[in-house]
Structure formats: structure tokens, C-alpha cells
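Engineer: Before I ask anything, let me first share the structure, which is written out below as C-alpha cells.
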Amino acid sequence: MATSRASSTQATKTKAPDDLVAPVVKKPHIYYGSLEEKERERLAKGESGILGKEGLKAGIEAGNINITSGEVFEIEEHISERQAEVLAEFERRKRARQINVSTDDSEVKACLRALGEPITLFGEGPAERRERLRNILSVVGTDALKKTKKDDEKSKKSKEEYQQTWYHEGPNSLKVARLWIANYSLPRAMKRLEEARLHKEIPETTRTSQMQELHKSLRSLNNFCSQIGDDRPISYCHFSPNSKMLATACWSGLCKLWSVPDCNLLHTLRGHNTNVGAIVFHPKSTVSLDQKDVNLASCAADGSVKLWSLDSDEPVADIEGHTVRVARVMWHPSGRFLGTTCYDRSWRLWDLEAQEEILHQEGHSMGVYDIAFHQDGSLAGTGGLDAFGRVWDLRTGRCIMFLEGHLKEIYGINFSPNGYHIATGSGDNTCKVWDLRQRRCVYTIPAHQNLVTGVKFEPIHGNFLLTGAYDNTAKIWTHPGWSPLKTLAGHEGKVMGLDISSDGQLIATCSYDRTFKLWMAE
């Protein structure tokens, strides 16, 4: 019994390890190299069977086995287009990683702008912008940025060359006129400076009280006369030097002279066939000039400029030379010269004693609209439809100041009697005040709700500024300070012209509603 139990126990012990042993996995054989040589050796030994010579022949005959004789199949030529695109993209990314891009965001934007790309995309940060620039450069190449920089430099140089002032020799009559203007203006400038010194010696309290009295009277300005001037809109009005007459210009082609202050019609000047742009009195008219002499000048949209006397309803003379619209005409303070502005981008100076054009001045990129002369007679200011103004020294011919700042056309320009302030009115609804001494804009008056048609300083001391606009109003502003004093409301149409009498007591406005109005303090 014992022996049999022991043998069974031993059998159990010997069987247990066999169950726990994992089955042996047959490892597949891995052959390196070509199987062609192995197969040839096997066939050379005469081994036959399924893969014997007969089987090989049968496979060749069936077309399943193709044995070539040294032919080569080029795989690279048949890579799919998709694979080519992937390879190109990898190459581009490789180039992109090698491109150095500035970490300054402003420089990155400048590079993008130079390449003609948007400087920023919606939701794009500086890091994404740099990456976008790097990707663009990896496609177009870094040389593209250098080319654009070179092109920019060339264009800048060409612009600078284009903007350079060039001179050409003028007629001898222009030289004579410049010398005459210099001799005329210098004594007047000395007189003006002497008056300014005397005015400065007045105690400040006295000056302040005088200014307060003036402001009080200006606030009490009222319309005391309104007259229908014509069947068409009235484009311009101008007081005579003795303040007893008012000249009006109309779109009907008629110019009329009215008595002041009762507004009775004195003369109707017939000569223009189209819209009259302006009519102005000679500086010495009604003061020392004879009625038979040239007392007025006018211009029209057909390019005609006419001279008038006070004893005739017909023009004394025509100034020929303009072929397109003449917007404004203005007398030089001496009365010897006449300035005209034209839509051919130029303005001209005429010597009426020599009866010839002495200056044909270009400088604006669009039509020139308004012109004004300095009280001394030394300077001329022009305002153009290119939104720029220019101040010209008549003694040298140079442009001494460039008035840049308006957003739209300049329709009015005027010099202050103090000699150093210039006002300009523009289609951007503002009036800007410029300082000749500082050569910059010192104040911008948000004057009106529509385009400003005219600006005018008080002619004696320049104590206030008058502006008119297409919002049907004219406004008075303090000088200095540029604060509003009075709004002259009453016209039913846009205000097209304005003027202040030489004694500073009367203000005239003319309008699209075919009327002109006189304003006076109570």
C-alpha cells in the first residue's frame, strides 16, 4: 500500500511541472539578401518538385514569372503628385525655419506691408504674424523684401526730385515789379511795427476794457437791412474803401453797386455772360481815385476778367489770357497789381500800369480758388482745391510757407492786420489760423456744420474774425482766443460771400437765397 501511494505521489509531482512549462514557439527563419541566388543553387543541384524546372517553365509560360535581362525601373519618375507636394511642403518648412524674422512687431508689419500683404488678420497676435511673415518669405524668397525696399527708395528719390522747386528766368518787367514791391512794402512794414509797439505801451487794463467793449458791441449785432439782389444766387460782396457802397456779383452775370446803409441800387454793370465769381473795389476807389479811372475788377467762370469805372455800366477793359474758370480776383494794396486765381492750377499777377501779365505762378496740384495780399504788400496767400495753401514772397518769388492741414478744399484765405496771422476756411467745415513767425497752424476752429466759404479779419486791428458757410450762417470769433462771439443767422440759403467795411462798423453777407444782408451793432 505504501509503495503504491508513494509511486502515485511521485507521478503527481512529475506531471505538475509539465503543465506549467510554456509551449515552445517556433521562430520563423529570417533570410537576408536576395533569394535569387539560393533558388539558382537549388535548381543547379537538380532539386525538382513543384518549384522544379518544369514548374518554372510553366510559370514563365503562364506569365506569372517575369525574368528580366538587366532592365531598370525608375521609381522616382512615377512618384505621385501628392508625394511631390508633401516633399515641397517639407522643403518650404525647412527654409522657413532658417529665415530670421524680427521680433519687433512694427517691423514685421512694415515688412508685410512692403510685400503687399495685410499687416494683420482677425484675431492674429504678434507671434502668429511673425510666423505668417516667415511662411510668406519661404515662398517668395527673402530677396523679394530687398527688392521692395529698393523700389521704395527709388520712388522716394523720384518724389523728392519731383517736389524740388525749380526756377526759370522771368521777364525784365517782373524784376522791376519785384523791386517796386520791395520799396513799397518795407516802409509799410516799419509803420505797422511802430503801431504795434505803441499799442503795446497802452496799459493792459485799458486794452482789456477796450476789447470788452468791442465784444459787447459785437454781441449786439443785428440785421438792419436785407435786400433781394438778383434773380440768381449772389456769389460775392465787397465794400468800397469809404464804406458807402457795396458791390455784389451774381450768377446771372450781372454786377451791381448798392448804396450803404439804405441799400438802394446805384449801378448795374453788364458785361459777363456767365456766373460771376468775384467783384472787388480798387484800394483807392471812392477815396482818391477818379470815377473815370479803373475802380473795380471782376471775374467769371468763362475765364473773363473785366475792369470797370464808376461812371459807366460797361467794362473799361478786358484782361485776356485765362482759358478756364477764374475763381477770384484781388487788388494788391498798392492798386498797381491785380491777382487772379484760376482752375488751371495757377495764379497770375497783372501789372495794370504796364498793362501786361508779369507773373504766371504754378505750385498747386489742383485749381487755385482764393487769393489774398498781406497788408504791407509783400506777401500773397493762395488757397487751392488740393486742400493746401501757400504763402508767396512777391519780392523774391519764393514760397515761404506751405499750409498743410486741411482735409478738403480751401475756399477762403485772409491775412490779419497784425501781419503774422493767416486764416483759411475749408470744405472740411473748419477754419485754421496759421502763424507766419512759427510757420505752423496755431489753432483750428471747428467753425461750422458745412463747408466754410469765406474768412475775413476785422480790417483795422484784426480784433475779430468773420466766417461764413453753407450752413446758412456767418459767425464772429474773438482774436486772439478764437471763442465764438455771435452767430449771424437769417439767410434761408447757404452764405456764399462776406465782407467787413473798412471802418469795421458794418458786416455784409450774401447768399444763395438771392439776398444780401447788412449787419450793424445797435
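Residue numbering restarts at 1 in every chain; chains get A, B, ... in the order shown in the C-alpha cells, and ligands count up from 1 in that same order.
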Based on DSSP run over this structure's backbone, return all residues of region 71-258 of chain A in strand (DSSP E), as a PyMOL selection string.

Structural biologist: chain A and resi 221-228+234-239+245-250+254-258

Engineer: Of the residues A:Asp290, A:Glu314, A:Asp513, A:Glu458, which is the one nearest to Asn472 (chain A), using only C-alpha atoms?

Structural biologist: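 Of A:Asp290, A:Glu314, A:Asp513, A:Glu458, the one nearest Asn472 (chain A) is A:Asp513, counting only C-alpha atoms.
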
Engineer: For a quick check of understanding, using only C-alpha atoms, which of A:Thr340, A:Asn222, A:Thr444, A:Ser243 has the smallest distance to Lys486 (chain A)?

Structural biologist: A:Asn222

Engineer: Pick from A:Lys408, A:His332, A:Lys57, A:His421: nearest to Ile181 (chain A), with only C-alpha atoms counted?

Structural biologist: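 Of the candidates, the smallest distance to Ile181 (chain A) is held by A:His332.
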
Engineer: For Arg188 (chain A), please output as a list in words all residues within 12 Å (counting only C-alpha atoms; exclusion window: fewer than 6 positions along the same chain).

Structural biologist: Ile181, Ala182, Glu194, Glu195, Pro333, Ser334, His374, Gln375, Asp376, Gly377, Ser378, Pro417 and Gly419 of chain A

Engineer: Which residue gives the smallest distance to His272 (chain A) among A:Leu43, A:Ala521, A:Cys299, A:Val442, with only C-alpha atoms counted?

Structural biologist: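 Nearest to His272 (chain A): A:Cys299.
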
Engineer: Pick from A:Ala88, A:Cys510, A:Leu485, A:Ile422: nearest to Ala447 (chain A), with only C-alpha atoms counted?

Structural biologist: A:Leu485

Engineer: In terms of the shortest atom-to-atom distance over only C-alpha atoms, which of A:Ala301, A:Cys225, A:Val276, A:Leu179 is closest to Ser259 (chain A)?

Structural biologist: A:Cys225

Engineer: Might you pull out every residue within 8 Å of region 108-113 of chain A, with only C-alpha atoms counted and same-chain residues fewer than 5 positions away left off, and present them as number ranges by chain?

Structural biologist: A: 101-103, 118-120, 129-130, 133, 145

Engineer: Give me the residues near His238 (chain A) as a PyMOL selection string, where near means some atom within 10 Å (using only C-alpha atoms) and where sequence neighbours in that chain fewer than 2 positions away do not count.

Structural biologist: chain A and resi 236+240-241+243+245-249+257+278-281+497-501+507-510

Engineer: Pick out the residues sitting within 10 Å of Phe373 (chain A), and hand them over as a list in words; count only C-alpha atoms, and ignore anything fewer than 4 positions along from it in its own chain.

Structural biologist: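 With the cut-off at 10 Å, the set is Met330, Trp331, His332, Pro333, Gly339, Gly377, Ser378, Leu379, Ala380, Gly381, Thr382, Val391, Trp392, Leu394, Ile413, Asn414 and Phe415 of chain A.
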
Engineer: Those selected residues, please, written with C-alpha atoms and delivered as an mmCIF file, in the first residue's frame.

Structural biologist:
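Contents of the output file result27.cif:
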```
data_model
loop_
_atom_site.group_PDB
_atom_site.id
_atom_site.type_symbol
_atom_site.label_atom_id
_atom_site.label_comp_id
_atom_site.auth_asym_id
_atom_site.auth_seq_id
_atom_site.Cartn_x
_atom_site.Cartn_y
_atom_site.Cartn_z
ATOM 1 C CA MET A 330 -7.969 140.650 -55.734
ATOM 2 C CA TRP A 331 -6.169 144.000 -55.809
ATOM 3 C CA HIS A 332 -2.677 144.424 -54.429
ATOM 4 C CA PRO A 333 -2.743 147.050 -51.601
ATOM 5 C CA GLY A 339 -4.077 138.971 -58.717
ATOM 6 C CA GLY A 377 2.003 144.271 -49.947
ATOM 7 C CA SER A 378 4.996 141.959 -49.572
ATOM 8 C CA LEU A 379 3.210 138.599 -49.481
ATOM 9 C CA ALA A 380 0.429 136.800 -51.300
ATOM 10 C CA GLY A 381 -1.508 133.833 -49.958
ATOM 11 C CA THR A 382 -3.321 131.321 -52.154
ATOM 12 C CA VAL A 391 2.317 131.923 -48.922
ATOM 13 C CA TRP A 392 4.445 133.609 -51.597
ATOM 14 C CA LEU A 394 6.340 138.741 -54.049
ATOM 15 C CA ILE A 413 -7.807 132.864 -47.146
ATOM 16 C CA ASN A 414 -7.118 136.186 -45.417
ATOM 17 C CA PHE A 415 -4.233 137.995 -43.694
#
```

Engineer: Just how far from CA of Gly425 (chain A) is CA of Arg440 (chain A), in Å to one decimal?

Structural biologist: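 CA of Gly425 (chain A) lies at a distance of 15.6 Å from CA of Arg440 (chain A).
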
Engineer: Would you please extract all alpha helix (DSSP H) residues from region 92-142 of chain A, as assigned by DSSP on the backbone, and give them as a PyMOL selection string?

Structural biologist: chain A and resi 92-98+105-114+126-140

Engineer: What separation in Å, quoted to one decimal, exists between CA of Cys237 (chain A) and CA of Pro315 (chain A)?

Structural biologist: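 Computing it gives 18.3 Å between the two atoms.
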
Engineer: Can you work out the spacing between CA of Ser106 (chain A) and CA of Val139 (chain A) in Å, to one decimal?

Structural biologist: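 Here the two named atoms are 21.8 Å from each other.
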